[in-house]
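First comes the structure, then the notes that go with it.
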Amino acid sequence: MMEILAYAAFFLTVALTYAIMCLGLNVQWGQTGLFNVGIAGFVGLGAYVSAALTTPDAADRIGGFDLPIVVGWLAAMAAGGLLALAVGLLTLRMRSDYLAITTFGIAVALQLVFQNAEILTGGAFGMAFIPRPFAGLQGQAFAFNIVNLALTGLVVAALYLLLEHLLRSPWGRALRAVREDEVAAQALGKNPVLLRIQAFALGGAIMALAGAVQAHFIGFIAPGNYLPMMTFQVWAMLIVGGSGNNRGALLGAVLVWAIWALSGALISEVFPADQQARAASLQIVTIGVMLCVILLWRPQGILPEVRSVSRHLGRRNKDQ
Amino acid sequence: MNPQAFIDGLISGSTIGLGAIGLTLTYSILRFANFTHGDFLAWGAYLTLTVAGVLGGLAAGLGAPLYPFSFGWGLPLAVMGGVILTVALALGLDRILFGRLRARGADAIIIVMASFGASMALRSLLEFIFTAKPAYFTKALQIAKPLGLGMRATPDQLLVIGLTGALVLALHLFVTRSDTGRAMRAVSENPNLASVFGVDVDKIVRVTWIIGAGMACLAGVMAGLLVQIRPYMGFDLLLPLFAAAILGGIGSIPGAMLGGLIIGLAEAFTVQIIGAEWRAAISFIILVLVLMLRPQGLFGQRGA
Amino acid sequence: MTALSLTNLRAGYDRDLPIVKGVSFTVNKGEAVCILGPNGAGKSSMIKAVAGQVPCFGGQVRLGEADVTGLSSHELVRKGMGFVPQTENIFTRLTILENLQIAAQLLPRPDRAARIAAMFDMFPDLGARPRELAGALSGGQRQMLAAARALLTEPPVLMLDEPSAGLSPKLVGQVFDTLRRISEAGVTLVLVEQNVRAALALTSRALVLVDGQLAHDGPTSALHDGNLLGELFLGHRSVEASA
């Protein structure tokens, strides 16, 4: 029984780290309409930055400053925010899909850095001995997982409240105004490019924080954690849950992660060991099809945006 | 510097350029960045491989290598089948997914997102059907022949370069001189106005998919012939394809080809100078440089 | 002989909020009709709905004898309806010749060159530089090219959405002279106009649209004094009173 509860706490903690990513994506996509195809890159950046600062000194790489975990988290946010700021400055004046292509490139380039810049990242083997919060409890799986769940839940709750507050602030309203009708917003004196860059940077910082929180909970990172697969999962979570709605983002994260974990468990039960990798690819097919089906038939997701269903999900081009 | 890098770059650049042509056409005419395009390359290679297998089962003689190449008559025949099937895949996807979103008047970025989801699904489907193990069109080994100036190339590689040049020229003439090509350029500027001018926009959309998917299949086969066939081959080529299309200028066929060659050469020299593990970064660096210095690309029009 | 008729046409971007709210009228062959009305009355949406650029929700559009309701623009062109949009009515990234060549694709191959040559005769400004990019043309020349493109296929009915928009008075005169020649050649003309004076001088019949409905239909001579028009525009008179 305790084992099951410990596992449930573990499962929920991981799901909540995805929920943080979803909240970040919701700032970029749900509130602002910016398509980020490089989520895994931002999450990975956060994880590596935080790990480099907080791990004990290691002989074969730079970093290992043994700083407190919270410093790592803050630094991760700063790094993610700065990277997003740079990408935003580069592309947000141009067509919306240039951002998509550039963020896709960012994720590929960062993946190369994780893989190859061994002196910084530990290369293919990644980084171990990342300090875990409440490490003293590691012997007792249940207690350890529960306190970590509480900590991650606290982070999610704080972010949720902060984002909801921002959403209702003049800044949040201006953001949605720009998304819905750029010309009208401009006429009211809002600077759409500046607002988009701010939202993109905020979202990037939150994603990087998610990476740091996840890295410290697991205690170990490797380049393979930050593949395009992750970007894809987070997108599926937000679209399923309901883009534009922060509660939808949380629901989507837990729901899709549950589907993912359960189908993974099912595959390892049903398929012989040599066929499992193959069967796992069907998991991805299912999620890809699910994403398309939702875009086609219920673009607003399970929990639609409260104030106004995001119009850019439906019809905006009047010529059609 | 090793002059061989030049030949290597030319060869992989031809493949990238050919793939980028389809991407640049769908981008300028259907107005969205199609993330499934890379997977059309991979599907093209696997579909061709499958057709080749079926043909080989029907007539064993088709596999006998045609001197000086490493493959027999079966491959060109199989490529025809592969092109037809890849085109069918693209048209089918447009019918069930992209076309519906277009008809609903969805924003371009929603269509981009759908293409991202479809790309994941298509790629993983390949992995499910064919497994992640690499496959090969031919097991025959080829000896690279000296070309002078310290450069060597296999007959297959030279064929790839020659064929690419011929295809690009033919496509360029088609788009600049033919009725359909002219209508394509009109649709890329303003689809509504093209309709007012009497152009059947749906037909132009189909032609665009046919050319794009056809070229993608050829590029996939070339990549498969030169290296190997893997479910992720298209995904790995996606960033070079986008970089080539944007570098060349969206909508420009010669631009996409030139962009592909530049990326191919830059990759080859990167491999020589810095190391193969950083090869994939070069497309990203070129992409960022283009966006900073000349966002409309080499041959692109402003506002395109 | 009827060239174009609308029966209770309803159209707009959103089914629940139609902009054209049940309009009926008939245009005879060879007639020149202008559609007037205050801003936002739905003139432009109506002509676009007839031309296949705005969805129709109800009613019927007939071109000659054929029911063409809801056909797409390229099908309408084939059936003989020419339409010149108000703005963005030429391809600026194609040459003048290419603009005409695209329109000419609807004709049998042997006839194309002759029709393009005929248009260049009619508009010598364009014929002087066929290989120049259309984007380099001045505002008046653009309208010429747009008209030439629409006339190239010799449509029995030609509809224009504000051909005078954005032109200087001198150019407006030129454009309307051209339209007069076209009308005299027997083409049925339907034009939406804000420039009431020019429109009334060219056409013999005026339709006034107010809030998506027909408020007046009669000879242009009745509108020349300006009082009736002013009242219609300001909404003082109902449809019944003016009929």
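How things are named: the first chain in the structure tokens is A, the next is B, and so on; residues count from 1 in each chain; ligands count from 1 in the order shown.
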Mind checking DSSP for segment 8-237 of chain B and telling me the helix (DSSP H, G or I) residues as JSON, numbers by chain?
-> {"B": [8, 9, 10, 11, 12, 13, 14, 15, 16, 17, 18, 19, 20, 21, 22, 23, 24, 25, 26, 27, 28, 29, 37, 38, 39, 40, 41, 42, 43, 44, 45, 46, 47, 48, 49, 50, 51, 52, 53, 54, 55, 56, 57, 58, 60, 61, 62, 63, 74, 75, 76, 77, 78, 79, 80, 81, 82, 83, 84, 85, 86, 87, 88, 89, 90, 91, 92, 93, 94, 95, 96, 97, 98, 99, 100, 101, 102, 103, 104, 108, 109, 110, 111, 112, 113, 114, 115, 116, 117, 118, 119, 120, 121, 122, 123, 124, 125, 126, 127, 128, 129, 130, 155, 156, 157, 158, 159, 160, 161, 162, 163, 164, 165, 166, 167, 168, 169, 170, 171, 172, 173, 174, 175, 176, 177, 179, 180, 181, 182, 183, 184, 185, 186, 187, 188, 189, 191, 192, 193, 194, 195, 196, 201, 202, 203, 204, 205, 206, 207, 208, 209, 210, 211, 212, 213, 214, 215, 216, 217, 218, 219, 220, 221, 222, 223, 224, 225, 226, 233, 234, 235, 236, 237]}
Select residues of chain C: the criterion is any atom within 7 Å of an atom of chain A, counting only C-alpha atoms; output as number ranges by chain.
-> C: 13, 53-54
Suppose we keep C-alpha atoms; can you now write the selection as a tab-separated table (two decimals), in the first residue's frame?
chain	number	residue	atom	x	y	z
C	13	TYR	CA	-18.95	36.61	-42.90
C	53	GLN	CA	-15.71	36.23	-52.42
C	54	VAL	CA	-18.14	36.36	-49.49
All residues 9 Å or closer to segment 154-168 of chain A, only C-alpha atoms, same chain fewer than 2 positions away omitted, as a ChimeraX atom specification | /A:16-17,19-20,23,27,31,149-152,170-173,175-176,206,246-247,250
Just need the residues of chain B within 6 Å of chain C, counting only C-alpha atoms, so spit them out as a ChimeraX atom specification.
-> /B:195-200
Can you check which residues of chain B have any atom within 6 Å of chain A? Use only C-alpha atoms and format it as a ChimeraX atom specification.
-> /B:105-106,114,117-118,120-121,124,128,281,284
Please measure the separation of atom CA of Cys56 of chain C and atom CA of Pro156 of chain C, giving the value in Å to one decimal.
-> 22.4 Å
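Between atom CA of Phe134 of chain A and atom CA of Ala210 of chain A the separation is 18.0 Å.
From atom CA of Ala205 of chain A back to atom CA of Leu25 of chain A, the distance works out to 10.3 Å.
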Strand (DSSP E or B) positions in segment 13-223 of chain C, given as number ranges by chain | C: 20-28, 32-36, 56-63, 66-67, 81-84, 95, 133, 157-161, 188-192, 205-210, 213-219
Got a sec: who's within 8 Å of segment 10-15 of chain A, counting only C-alpha atoms, leaving out chain neighbours fewer than 2 positions off, as a PyMOL selection string?
-> chain A and resi 6-8+17-19+145-146+148-149+152-153+214+253-254+257-258
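The nearest approach to Gly40 of chain C among the residues C:Pro18, C:Gly212, C:Gly139, C:Gly166, with only C-alpha atoms taken into account, belongs to C:Gly212.
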